[in-house]
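What follows is target.cif (mmCIF, N, CA and C atoms).
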data_upload
#
loop_
_atom_site.group_PDB
_atom_site.id
_atom_site.type_symbol
_atom_site.label_atom_id
_atom_site.label_comp_id
_atom_site.auth_asym_id
_atom_site.auth_seq_id
_atom_site.Cartn_x
_atom_site.Cartn_y
_atom_site.Cartn_z
ATOM 1 N N MET A 4 -13.868 9.534 6.323
ATOM 2 C CA MET A 4 -12.779 9.263 5.402
ATOM 3 C C MET A 4 -12.890 7.847 4.850
ATOM 4 N N ARG A 5 -13.247 6.912 5.733
ATOM 5 C CA ARG A 5 -13.391 5.529 5.270
ATOM 6 C C ARG A 5 -14.527 5.395 4.270
ATOM 7 N N LEU A 6 -15.607 6.133 4.490
ATOM 8 C CA LEU A 6 -16.745 6.092 3.580
ATOM 9 C C LEU A 6 -16.345 6.603 2.197
ATOM 10 N N LEU A 7 -15.619 7.686 2.164
ATOM 11 C CA LEU A 7 -15.147 8.242 0.897
ATOM 12 C C LEU A 7 -14.219 7.256 0.186
ATOM 13 N N SER A 8 -13.363 6.651 0.954
ATOM 14 C CA SER A 8 -12.435 5.665 0.406
ATOM 15 C C SER A 8 -13.199 4.458 -0.159
ATOM 16 N N ALA A 9 -14.223 4.016 0.546
ATOM 17 C CA ALA A 9 -15.032 2.888 0.090
ATOM 18 C C ALA A 9 -15.806 3.238 -1.175
ATOM 19 N N LEU A 10 -16.335 4.455 -1.242
ATOM 20 C CA LEU A 10 -17.069 4.889 -2.433
ATOM 21 C C LEU A 10 -16.163 4.962 -3.658
ATOM 22 N N VAL A 11 -14.967 5.476 -3.478
ATOM 23 C CA VAL A 11 -14.009 5.557 -4.582
ATOM 24 C C VAL A 11 -13.633 4.155 -5.058
ATOM 25 N N SER A 12 -13.438 3.248 -4.141
ATOM 26 C CA SER A 12 -13.106 1.865 -4.497
ATOM 27 C C SER A 12 -14.236 1.207 -5.280
ATOM 28 N N CYS A 13 -15.449 1.385 -4.813
ATOM 29 C CA CYS A 13 -16.605 0.795 -5.503
ATOM 30 C C CYS A 13 -16.765 1.391 -6.899
ATOM 31 N N ALA A 14 -16.581 2.688 -7.007
ATOM 32 C CA ALA A 14 -16.705 3.344 -8.313
ATOM 33 C C ALA A 14 -15.654 2.835 -9.287
ATOM 34 N N SER A 15 -14.441 2.646 -8.820
ATOM 35 C CA SER A 15 -13.389 2.160 -9.712
ATOM 36 C C SER A 15 -13.627 0.710 -10.121
ATOM 37 N N ILE A 16 -14.170 -0.100 -9.213
ATOM 38 C CA ILE A 16 -14.492 -1.493 -9.545
ATOM 39 C C ILE A 16 -15.606 -1.540 -10.587
ATOM 40 N N LEU A 17 -16.628 -0.720 -10.418
ATOM 41 C CA LEU A 17 -17.715 -0.679 -11.394
ATOM 42 C C LEU A 17 -17.224 -0.194 -12.753
ATOM 43 N N ALA A 18 -16.367 0.798 -12.771
ATOM 44 C CA ALA A 18 -15.827 1.305 -14.032
ATOM 45 C C ALA A 18 -14.979 0.248 -14.720
ATOM 46 N N ALA A 19 -14.201 -0.480 -13.954
ATOM 47 C CA ALA A 19 -13.356 -1.527 -14.533
ATOM 48 C C ALA A 19 -14.198 -2.675 -15.070
ATOM 49 N N SER A 20 -15.262 -3.046 -14.378
ATOM 50 C CA SER A 20 -16.094 -4.161 -14.845
ATOM 51 C C SER A 20 -16.835 -3.798 -16.122
ATOM 52 N N SER A 21 -17.250 -2.542 -16.270
ATOM 53 C CA SER A 21 -17.929 -2.147 -17.509
ATOM 54 C C SER A 21 -16.961 -2.089 -18.676
ATOM 55 N N ALA A 22 -15.693 -1.852 -18.400
ATOM 56 C CA ALA A 22 -14.698 -1.828 -19.460
ATOM 57 C C ALA A 22 -14.460 -3.216 -20.026
ATOM 58 N N PHE A 23 -14.750 -4.251 -19.246
ATOM 59 C CA PHE A 23 -14.548 -5.626 -19.687
ATOM 60 C C PHE A 23 -15.830 -6.263 -20.215
ATOM 61 N N ALA A 24 -16.876 -5.463 -20.446
ATOM 62 C CA ALA A 24 -18.131 -6.001 -20.948
ATOM 63 C C ALA A 24 -17.906 -6.628 -22.322
ATOM 64 N N GLU A 25 -18.497 -7.783 -22.514
ATOM 65 C CA GLU A 25 -18.326 -8.499 -23.780
ATOM 66 C C GLU A 25 -19.187 -7.855 -24.861
ATOM 67 N N THR A 26 -18.592 -7.618 -26.011
ATOM 68 C CA THR A 26 -19.285 -7.046 -27.148
ATOM 69 C C THR A 26 -19.092 -7.968 -28.344
ATOM 70 N N ARG A 27 -20.166 -8.165 -29.102
ATOM 71 C CA ARG A 27 -20.074 -8.997 -30.302
ATOM 72 C C ARG A 27 -20.931 -8.387 -31.398
ATOM 73 N N VAL A 28 -20.413 -8.422 -32.628
ATOM 74 C CA VAL A 28 -21.141 -7.907 -33.779
ATOM 75 C C VAL A 28 -21.653 -9.090 -34.587
ATOM 76 N N PHE A 29 -22.959 -9.108 -34.822
ATOM 77 C CA PHE A 29 -23.592 -10.142 -35.635
ATOM 78 C C PHE A 29 -23.932 -9.544 -36.993
ATOM 79 N N ILE A 30 -23.561 -10.225 -38.060
ATOM 80 C CA ILE A 30 -23.911 -9.814 -39.420
ATOM 81 C C ILE A 30 -25.010 -10.758 -39.881
ATOM 82 N N ILE A 31 -26.165 -10.193 -40.195
ATOM 83 C CA ILE A 31 -27.293 -11.021 -40.609
ATOM 84 C C ILE A 31 -27.843 -10.522 -41.933
ATOM 85 N N ALA A 32 -28.418 -11.433 -42.703
ATOM 86 C CA ALA A 32 -29.036 -11.067 -43.976
ATOM 87 C C ALA A 32 -30.282 -10.239 -43.694
ATOM 88 N N ASN A 33 -30.427 -9.168 -44.425
ATOM 89 C CA ASN A 33 -31.565 -8.273 -44.286
ATOM 90 C C ASN A 33 -32.548 -8.613 -45.392
ATOM 91 N N GLN A 34 -33.310 -9.674 -45.186
ATOM 92 C CA GLN A 34 -34.221 -10.150 -46.219
ATOM 93 C C GLN A 34 -35.536 -9.407 -46.132
ATOM 94 N N ALA A 35 -35.884 -8.765 -47.226
ATOM 95 C CA ALA A 35 -37.117 -7.983 -47.261
ATOM 96 C C ALA A 35 -38.311 -8.908 -47.161
ATOM 97 N N GLY A 36 -39.056 -8.788 -46.076
ATOM 98 C CA GLY A 36 -40.224 -9.631 -45.863
ATOM 99 C C GLY A 36 -41.520 -8.886 -46.107
ATOM 100 N N GLY A 37 -41.429 -7.615 -46.472
ATOM 101 C CA GLY A 37 -42.627 -6.845 -46.720
ATOM 102 C C GLY A 37 -43.203 -6.193 -45.478
ATOM 103 N N TYR A 38 -42.583 -6.414 -44.315
ATOM 104 C CA TYR A 38 -43.117 -5.856 -43.079
ATOM 105 C C TYR A 38 -42.460 -4.540 -42.684
ATOM 106 N N GLY A 39 -41.357 -4.190 -43.288
ATOM 107 C CA GLY A 39 -40.671 -2.957 -42.957
ATOM 108 C C GLY A 39 -39.734 -3.065 -41.781
ATOM 109 N N VAL A 40 -39.773 -4.202 -41.075
ATOM 110 C CA VAL A 40 -38.928 -4.412 -39.909
ATOM 111 C C VAL A 40 -37.465 -4.366 -40.325
ATOM 112 N N ASP A 41 -37.151 -5.030 -41.409
ATOM 113 C CA ASP A 41 -35.771 -5.071 -41.883
ATOM 114 C C ASP A 41 -35.274 -3.689 -42.284
ATOM 115 N N GLN A 42 -36.155 -2.863 -42.811
ATOM 116 C CA GLN A 42 -35.753 -1.520 -43.199
ATOM 117 C C GLN A 42 -35.447 -0.646 -41.992
ATOM 118 N N CYS A 43 -36.136 -0.888 -40.884
ATOM 119 C CA CYS A 43 -35.844 -0.158 -39.640
ATOM 120 C C CYS A 43 -34.412 -0.438 -39.196
ATOM 121 N N LEU A 44 -34.005 -1.700 -39.289
ATOM 122 C CA LEU A 44 -32.635 -2.057 -38.926
ATOM 123 C C LEU A 44 -31.646 -1.470 -39.909
ATOM 124 N N ALA A 45 -31.898 -1.652 -41.183
ATOM 125 C CA ALA A 45 -30.955 -1.231 -42.217
ATOM 126 C C ALA A 45 -30.753 0.276 -42.242
ATOM 127 N N ARG A 46 -31.782 1.004 -41.944
ATOM 128 C CA ARG A 46 -31.680 2.473 -41.964
ATOM 129 C C ARG A 46 -31.268 3.054 -40.618
ATOM 130 N N GLY A 47 -31.172 2.201 -39.600
ATOM 131 C CA GLY A 47 -30.782 2.675 -38.274
ATOM 132 C C GLY A 47 -31.856 3.505 -37.598
ATOM 133 N N GLU A 48 -33.096 3.314 -38.005
ATOM 134 C CA GLU A 48 -34.200 4.090 -37.445
ATOM 135 C C GLU A 48 -34.579 3.585 -36.053
ATOM 136 N N LYS A 49 -35.298 4.421 -35.318
ATOM 137 C CA LYS A 49 -35.687 4.077 -33.944
ATOM 138 C C LYS A 49 -36.505 2.795 -33.877
ATOM 139 N N CYS A 50 -37.302 2.536 -34.898
ATOM 140 C CA CYS A 50 -38.143 1.340 -34.872
ATOM 141 C C CYS A 50 -37.305 0.066 -34.878
ATOM 142 N N GLY A 51 -36.032 0.137 -35.237
ATOM 143 C CA GLY A 51 -35.160 -1.033 -35.235
ATOM 144 C C GLY A 51 -34.570 -1.341 -33.872
ATOM 145 N N ALA A 52 -34.669 -0.418 -32.926
ATOM 146 C CA ALA A 52 -34.061 -0.605 -31.602
ATOM 147 C C ALA A 52 -34.624 -1.831 -30.886
ATOM 148 N N GLN A 53 -35.941 -1.993 -30.890
ATOM 149 C CA GLN A 53 -36.566 -3.139 -30.215
ATOM 150 C C GLN A 53 -36.175 -4.442 -30.906
ATOM 151 N N ILE A 54 -36.120 -4.426 -32.215
ATOM 152 C CA ILE A 54 -35.757 -5.627 -32.965
ATOM 153 C C ILE A 54 -34.320 -6.033 -32.655
ATOM 154 N N ALA A 55 -33.423 -5.051 -32.667
ATOM 155 C CA ALA A 55 -32.018 -5.326 -32.368
ATOM 156 C C ALA A 55 -31.853 -5.844 -30.944
ATOM 157 N N ARG A 56 -32.555 -5.230 -29.992
ATOM 158 C CA ARG A 56 -32.465 -5.673 -28.602
ATOM 159 C C ARG A 56 -32.985 -7.102 -28.448
ATOM 160 N N THR A 57 -34.094 -7.397 -29.090
ATOM 161 C CA THR A 57 -34.656 -8.745 -29.025
ATOM 162 C C THR A 57 -33.706 -9.758 -29.654
ATOM 163 N N TYR A 58 -33.080 -9.388 -30.760
ATOM 164 C CA TYR A 58 -32.106 -10.271 -31.404
ATOM 165 C C TYR A 58 -30.955 -10.570 -30.435
ATOM 166 N N CYS A 59 -30.431 -9.521 -29.790
ATOM 167 C CA CYS A 59 -29.328 -9.712 -28.834
ATOM 168 C C CYS A 59 -29.760 -10.578 -27.655
ATOM 169 N N GLN A 60 -30.941 -10.319 -27.125
ATOM 170 C CA GLN A 60 -31.423 -11.088 -25.985
ATOM 171 C C GLN A 60 -31.638 -12.553 -26.356
ATOM 172 N N SER A 61 -31.994 -12.822 -27.606
ATOM 173 C CA SER A 61 -32.177 -14.210 -28.018
ATOM 174 C C SER A 61 -30.849 -14.954 -28.071
ATOM 175 N N ARG A 62 -29.758 -14.210 -28.057
ATOM 176 C CA ARG A 62 -28.420 -14.801 -28.030
ATOM 177 C C ARG A 62 -27.726 -14.575 -26.691
ATOM 178 N N GLU A 63 -28.546 -14.332 -25.661
ATOM 179 C CA GLU A 63 -28.100 -14.183 -24.282
ATOM 180 C C GLU A 63 -27.202 -12.976 -24.042
ATOM 181 N N PHE A 64 -27.457 -11.895 -24.759
ATOM 182 C CA PHE A 64 -26.811 -10.609 -24.510
ATOM 183 C C PHE A 64 -27.848 -9.687 -23.896
ATOM 184 N N ALA A 65 -27.404 -8.722 -23.135
ATOM 185 C CA ALA A 65 -28.329 -7.843 -22.421
ATOM 186 C C ALA A 65 -28.946 -6.772 -23.308
ATOM 187 N N GLN A 66 -28.153 -6.226 -24.227
ATOM 188 C CA GLN A 66 -28.643 -5.091 -25.005
ATOM 189 C C GLN A 66 -27.964 -4.997 -26.357
ATOM 190 N N ALA A 67 -28.576 -4.193 -27.221
ATOM 191 C CA ALA A 67 -27.987 -3.872 -28.516
ATOM 192 C C ALA A 67 -27.450 -2.452 -28.420
ATOM 193 N N SER A 68 -26.169 -2.288 -28.658
ATOM 194 C CA SER A 68 -25.600 -0.944 -28.567
ATOM 195 C C SER A 68 -25.685 -0.196 -29.889
ATOM 196 N N SER A 69 -25.789 -0.940 -31.020
ATOM 197 C CA SER A 69 -25.964 -0.279 -32.311
ATOM 198 C C SER A 69 -26.458 -1.286 -33.342
ATOM 199 N N TYR A 70 -26.971 -0.757 -34.436
ATOM 200 C CA TYR A 70 -27.396 -1.568 -35.572
ATOM 201 C C TYR A 70 -27.353 -0.677 -36.800
ATOM 202 N N ARG A 71 -26.955 -1.282 -37.931
ATOM 203 C CA ARG A 71 -26.830 -0.495 -39.162
ATOM 204 C C ARG A 71 -26.738 -1.421 -40.360
ATOM 205 N N ARG A 72 -26.942 -0.867 -41.531
ATOM 206 C CA ARG A 72 -26.765 -1.595 -42.780
ATOM 207 C C ARG A 72 -25.274 -1.758 -43.016
ATOM 208 N N VAL A 73 -24.895 -2.914 -43.554
ATOM 209 C CA VAL A 73 -23.492 -3.187 -43.855
ATOM 210 C C VAL A 73 -23.354 -3.314 -45.366
ATOM 211 N N ASP A 74 -22.404 -2.601 -45.915
ATOM 212 C CA ASP A 74 -22.113 -2.710 -47.340
ATOM 213 C C ASP A 74 -21.408 -4.046 -47.574
ATOM 214 N N PRO A 75 -21.761 -4.793 -48.615
ATOM 215 C CA PRO A 75 -21.097 -6.078 -48.869
ATOM 216 C C PRO A 75 -19.574 -5.971 -48.983
ATOM 217 N N ASP A 76 -19.069 -4.816 -49.374
ATOM 218 C CA ASP A 76 -17.623 -4.629 -49.461
ATOM 219 C C ASP A 76 -16.950 -4.641 -48.089
ATOM 220 N N GLU A 77 -17.722 -4.406 -47.029
ATOM 221 C CA GLU A 77 -17.177 -4.423 -45.672
ATOM 222 C C GLU A 77 -16.985 -5.835 -45.141
ATOM 223 N N ILE A 78 -17.630 -6.809 -45.789
ATOM 224 C CA ILE A 78 -17.574 -8.196 -45.339
ATOM 225 C C ILE A 78 -16.647 -8.950 -46.273
ATOM 226 N N THR A 79 -15.679 -9.612 -45.715
ATOM 227 C CA THR A 79 -14.687 -10.275 -46.563
ATOM 228 C C THR A 79 -15.058 -11.707 -46.896
ATOM 229 N N GLY A 80 -15.038 -12.019 -48.180
ATOM 230 C CA GLY A 80 -15.073 -13.388 -48.648
ATOM 231 C C GLY A 80 -16.363 -14.160 -48.697
ATOM 232 N N SER A 81 -17.339 -13.895 -47.880
ATOM 233 C CA SER A 81 -18.490 -14.795 -47.819
ATOM 234 C C SER A 81 -19.770 -14.211 -48.401
ATOM 235 N N VAL A 82 -19.731 -12.983 -48.870
ATOM 236 C CA VAL A 82 -20.938 -12.340 -49.359
ATOM 237 C C VAL A 82 -20.786 -12.052 -50.845
ATOM 238 N N PRO A 83 -21.770 -12.493 -51.673
ATOM 239 C CA PRO A 83 -21.670 -12.219 -53.104
ATOM 240 C C PRO A 83 -21.817 -10.734 -53.401
ATOM 241 N N LYS A 84 -21.071 -10.270 -54.381
ATOM 242 C CA LYS A 84 -21.177 -8.884 -54.833
ATOM 243 C C LYS A 84 -22.395 -8.761 -55.743
ATOM 244 N N SER A 85 -22.870 -7.566 -55.956
ATOM 245 C CA SER A 85 -24.031 -7.354 -56.815
ATOM 246 C C SER A 85 -23.807 -7.990 -58.180
ATOM 247 N N GLY A 86 -24.793 -8.765 -58.618
ATOM 248 C CA GLY A 86 -24.731 -9.398 -59.924
ATOM 249 C C GLY A 86 -24.013 -10.730 -59.939
ATOM 250 N N ALA A 87 -23.236 -11.048 -58.944
ATOM 251 C CA ALA A 87 -22.491 -12.311 -58.910
ATOM 252 C C ALA A 87 -23.153 -13.271 -57.937
ATOM 253 N N ASN A 88 -23.599 -14.404 -58.449
ATOM 254 C CA ASN A 88 -24.226 -15.439 -57.619
ATOM 255 C C ASN A 88 -25.460 -14.956 -56.853
ATOM 256 N N CYS A 89 -26.162 -14.004 -57.413
ATOM 257 C CA CYS A 89 -27.371 -13.498 -56.763
ATOM 258 C C CYS A 89 -28.591 -14.054 -57.489
ATOM 259 N N SER A 90 -29.600 -14.437 -56.738
ATOM 260 C CA SER A 90 -30.795 -14.989 -57.362
ATOM 261 C C SER A 90 -31.609 -13.887 -58.030
ATOM 262 N N HIS A 91 -31.918 -14.105 -59.274
ATOM 263 C CA HIS A 91 -32.719 -13.171 -60.069
ATOM 264 C C HIS A 91 -32.137 -11.759 -60.070
ATOM 265 N N GLY A 92 -30.822 -11.648 -60.034
ATOM 266 C CA GLY A 92 -30.159 -10.346 -60.073
ATOM 267 C C GLY A 92 -30.289 -9.533 -58.806
ATOM 268 N N HIS A 93 -30.749 -10.162 -57.731
ATOM 269 C CA HIS A 93 -30.938 -9.427 -56.474
ATOM 270 C C HIS A 93 -30.122 -10.080 -55.362
ATOM 271 N N CYS A 94 -29.270 -9.305 -54.743
ATOM 272 C CA CYS A 94 -28.485 -9.787 -53.611
ATOM 273 C C CYS A 94 -29.095 -9.244 -52.320
ATOM 274 N N ASP A 95 -28.983 -10.020 -51.270
ATOM 275 C CA ASP A 95 -29.491 -9.558 -49.979
ATOM 276 C C ASP A 95 -28.627 -8.433 -49.444
ATOM 277 N N ASP A 96 -29.273 -7.532 -48.701
ATOM 278 C CA ASP A 96 -28.541 -6.537 -47.925
ATOM 279 C C ASP A 96 -28.183 -7.212 -46.605
ATOM 280 N N TYR A 97 -27.242 -6.630 -45.901
ATOM 281 C CA TYR A 97 -26.836 -7.178 -44.608
ATOM 282 C C TYR A 97 -26.897 -6.103 -43.544
ATOM 283 N N VAL A 98 -27.165 -6.543 -42.318
ATOM 284 C CA VAL A 98 -27.274 -5.643 -41.168
ATOM 285 C C VAL A 98 -26.300 -6.110 -40.109
ATOM 286 N N ALA A 99 -25.616 -5.150 -39.475
ATOM 287 C CA ALA A 99 -24.725 -5.455 -38.346
ATOM 288 C C ALA A 99 -25.426 -5.014 -37.071
ATOM 289 N N ILE A 100 -25.538 -5.935 -36.128
ATOM 290 C CA ILE A 100 -26.113 -5.635 -34.817
ATOM 291 C C ILE A 100 -25.016 -5.875 -33.785
ATOM 292 N N THR A 101 -24.691 -4.837 -33.025
ATOM 293 C CA THR A 101 -23.667 -4.939 -31.981
ATOM 294 C C THR A 101 -24.370 -5.176 -30.660
ATOM 295 N N CYS A 102 -24.044 -6.325 -30.038
ATOM 296 C CA CYS A 102 -24.667 -6.730 -28.773
ATOM 297 C C CYS A 102 -23.646 -6.648 -27.638
ATOM 298 N N GLN A 103 -24.133 -6.356 -26.438
ATOM 299 C CA GLN A 103 -23.278 -6.297 -25.249
ATOM 300 C C GLN A 103 -23.895 -7.090 -24.122
ATOM 301 N N ARG A 104 -23.026 -7.713 -23.325
ATOM 302 C CA ARG A 104 -23.486 -8.441 -22.133
ATOM 303 C C ARG A 104 -23.557 -7.490 -20.975
#
Using the file provided, produce a representation of the structure as structure tokens.
Amino acid sequence: MRLLSALVSCASILAASSAFAETRVFIIANQAGGYGVDQCLARGEKCGAQIARTYCQSREFAQASSYRRVDPDEITGSVPKSGANCSHGHCDDYVAITCQR
């Protein structure tokens, strides 16, 4: 009975600690470098998983839980809209990477 009680306690502690895991979303410019790496992130393809994880780890997070292209309309105030303040008529795309500790 004590063993069962101890297991239930440990399970509830682990569940509670995972609920408090820190999550942060980073919005980064998706600048086309010709390597296709940025397109993996923007399209949410499997090839972007390693890039997203490495990005999170470089900021002392354990893993990337998601990554996707972000429409400029989703970002308030700091991103130019198409045609406005864009160099040579081209605005950067943006990618959101969600990191967890």
Item to check | Spatial neighbours of Ile31 (chain A), max dist 9 Å, only C-alpha atoms, sep filter under 4 positions, as a VMD selection string | outcome: chain A and resid 96 to 100
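Taking CA of Asp76 (chain A) as the reference point, atom N of Ala24 (chain A) is found at 29.0 Å.
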Next on the checklist: Given the PyMOL selection byres ((chain A and resi 42-53) around 6.5) and the file above, list the residues it selects as a PyMOL selection string.
Outcome noted: chain A and resi 39-41+54-58+70-73+97-98
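Distance-wise, atom C of Cys102 (chain A) and atom C of Asp74 (chain A) end up 20.2 Å apart.
For the pair CA of Thr26 (chain A) and CA of Gln103 (chain A), the interatomic distance is 4.5 Å.
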